[in-house]
Amino acid sequence: MRQPAFSFRTAQAIRFGRGTAPEATGWAASRARRVLLVHGADPGRAAWLHEALATEGIAVAGFSCPKEPDTALIEAGVATARDHRAQAVLSLGGGAVIDAGKAIAALAPAPRPMTDHLEVVGEGLPLEAAPLPFAALPTTAGTGAEVTRNAVILVPEHRRKVSLRDDRMLPDLALVDPALTEGLPRGVTLAGGLDAVTQVIEPFVSVRANRMTDALCRDAIPLGLSALRRLMEGEDPAARDDLAWVSLCGGMALANAGLGAVHGLAGVIGGMAPAAPHGAVCGALLPHVLAVNTARAKGEAAARLGAVADWIGAAFGTSAGFAFAALADWSDAQGLPRLQAMGVRHDALAEIAEASGGSSSMKGNPVVLSQADLAGVLEKAFRDRG
């Protein structure tokens, strides 16, 4: 079969492995004397990096991202970066913290307001100025944001999560040190891990899949399922390493092959129920999206979805025909909340299904799903069983 031409973009440099995190200091010192350090709610977790940068004579300003970023938080971060005259930005944290840093680095030099550059609710214009140098150090395994070219931002007045996107937003350095993910709460590991698995499955079955993204996803799908199962049984450094690798693969794959209906729906849900954790939403939707895609798919799409069913079935000791139900049952048994428990209202499901049709993620889905198909997925993911 003749293979179509494709392009592939990722972070300028990737360093993966235990003990790589301290390399952020040397990277920053070679590029800047004034740095903005974006971290989570507890600045103490970033104290080691703040102190290491200061020891190198770098003037450091900290900025906290305690939740998934919205427009007000990003505007505050941009103001902090400009007031500090930051020459580079580092993010140490989960996907929300990395997205916040990525957006701040992109918008601090930008002459236009943020809304001019936002997709869906804005004009989606490309950046007119190059972003500040940016390095990402993920402390969770799930989003792969350290190697993507967009930042997801909540726009409260539109009740939507949308992307700020530009090829130049790809980080200059991704430092993936799995040791930073150790000791995460079980629920965070579960939600992040299901997001990581989703983000190697959706690019694999995407209409934009290519040989490079296939190479990333084929091994990562079964590896991610195995690692997540092991981590639900107890702390396991080797499984942490594997899940961090799967998350990295997912970020590279989705940045080049896109996603699908899971993320198309999840983006809308995140805008309507901002407290709903993104990874948990993806985990609740994944088995049901796979089932409806499989029921509608033909040809190459059906073959790829069949391979996914085989991998999931093998992970849970069942046949491909029962694989998606087994994944849903296992997730429930591990305590994954369903949409109702995450604050999604039943009377909003039809609106979510309709709004998701305009999502950029939906364009990668292997089949065209009707609004009724999407509403059916939401209904199945909504209520706790029993």
# chains A, B, ... in the order shown; residues from 1 in each chain; ligands from 1

$ select_by_dssp --residues "stretch 197-306 of chain A" --states "helix (DSSP H, G or I)" --output "VMD selection string"
chain A and resid 197 to 205 211 to 233 237 to 257 261 to 272 278 to 296 299 to 306

$ closest_atom_pairs --of "stretch 69-120 of chain A" --to "stretch 272-285 of chain A" --cutoff "10 Å" --atoms "only C-alpha atoms" --output "tab-separated table"
residue	atom	partner	partner_atom	distance
A:Asp70	CA	A:Pro274	CA	9.7
A:Gly95	CA	A:His278	CA	9.8
A:Ala96	CA	A:His278	CA	9.8

$ closest_atom_pairs --of "stretch 254-288 of chain A" --to "stretch 351-361 of chain A" --cutoff "8 Å" --atoms "only C-alpha atoms" --output "CSV"
residue,atom,partner,partner_atom,distance
A:Gly258,CA,A:Ser361,CA,6.3
A:Leu259,CA,A:Ser361,CA,5.1
A:Gly260,CA,A:Ser361,CA,5.1
A:Ala261,CA,A:Ser361,CA,6.7
A:His263,CA,A:Ser361,CA,6.0
A:Gly264,CA,A:Ser361,CA,4.9
A:Leu265,CA,A:Ser356,CA,5.3
A:Gly267,CA,A:Ser356,CA,7.7
A:Val268,CA,A:Ser356,CA,6.1
A:Ile269,CA,A:Ile352,CA,6.6

$ atom_distance --atom1 "atom CA of A:Ala106" --atom2 "atom CA of A:Ala129"
8.1 Å

$ residues_around --residues "A:Arg31" --least-positions-apart "3" --cutoff "8 Å" --atoms "only C-alpha atoms" --output "ChimeraX atom specification"
/A:27-28,87-88,133

$ residues_around --residues "A:Leu164" --least-positions-apart "6" --cutoff "10 Å" --atoms "only C-alpha atoms" --output "count of residues only"
22

$ residues_around --residues "A:Glu379" --least-positions-apart "4" --cutoff "12 Å" --atoms "only C-alpha atoms" --output "list of chain:residue names"
A:Ala284, A:Leu285, A:His288, A:Val289, A:Arg338, A:Leu339, A:Gln340, A:Val344, A:Arg345, A:His346, A:Asp347, A:Ala348, A:Leu349, A:Ala350, A:Ile352, A:Ala353, A:Ala372, A:Asp373, A:Leu374, A:Ala375, A:Arg383, A:Asp384, A:Arg385

$ residues_around --residues "A:Leu175" --least-positions-apart "6" --cutoff "9 Å" --atoms "only C-alpha atoms" --output "ChimeraX atom specification"
/A:13-17,20-24,135-138,146

$ atom_distance --atom1 "atom CA of A:Val207" --atom2 "atom CA of A:Ala174"
27.2 Å

$ closest_residue --among "A:Thr213, A:Thr80, A:Ser163, A:Thr143" --to "A:Thr189" --atoms "only C-alpha atoms"
A:Thr143

$ closest_residue --among "A:Asp83, A:Asp42, A:Asp332, A:Glu75" --to "A:Ala61" --atoms "only C-alpha atoms"
A:Asp83

$ residues_around --residues "A:Asn293" --least-positions-apart "2" --cutoff "10 Å" --atoms "only C-alpha atoms" --output "VMD selection string"
chain A and resid 205 261 287 to 291 295 to 298 301 to 302 305 365 to 369 373

$ closest_residue --among "A:Ala215, A:Leu254, A:Ala323, A:Met362" --to "A:Asp310" --atoms "only C-alpha atoms"
A:Ala323

$ closest_residue --among "A:Ala110, A:Val60, A:Ile201, A:Ala11" --to "A:Leu170" --atoms "only C-alpha atoms"
A:Ala11

$ select_by_dssp --residues "stretch 167-349 of chain A" --states "strand (DSSP E or B)" --output "PyMOL selection string"
chain A and resi 173-176

$ atom_distance --atom1 "atom CA of A:Pro185" --atom2 "atom CA of A:Gly144"
18.7 Å
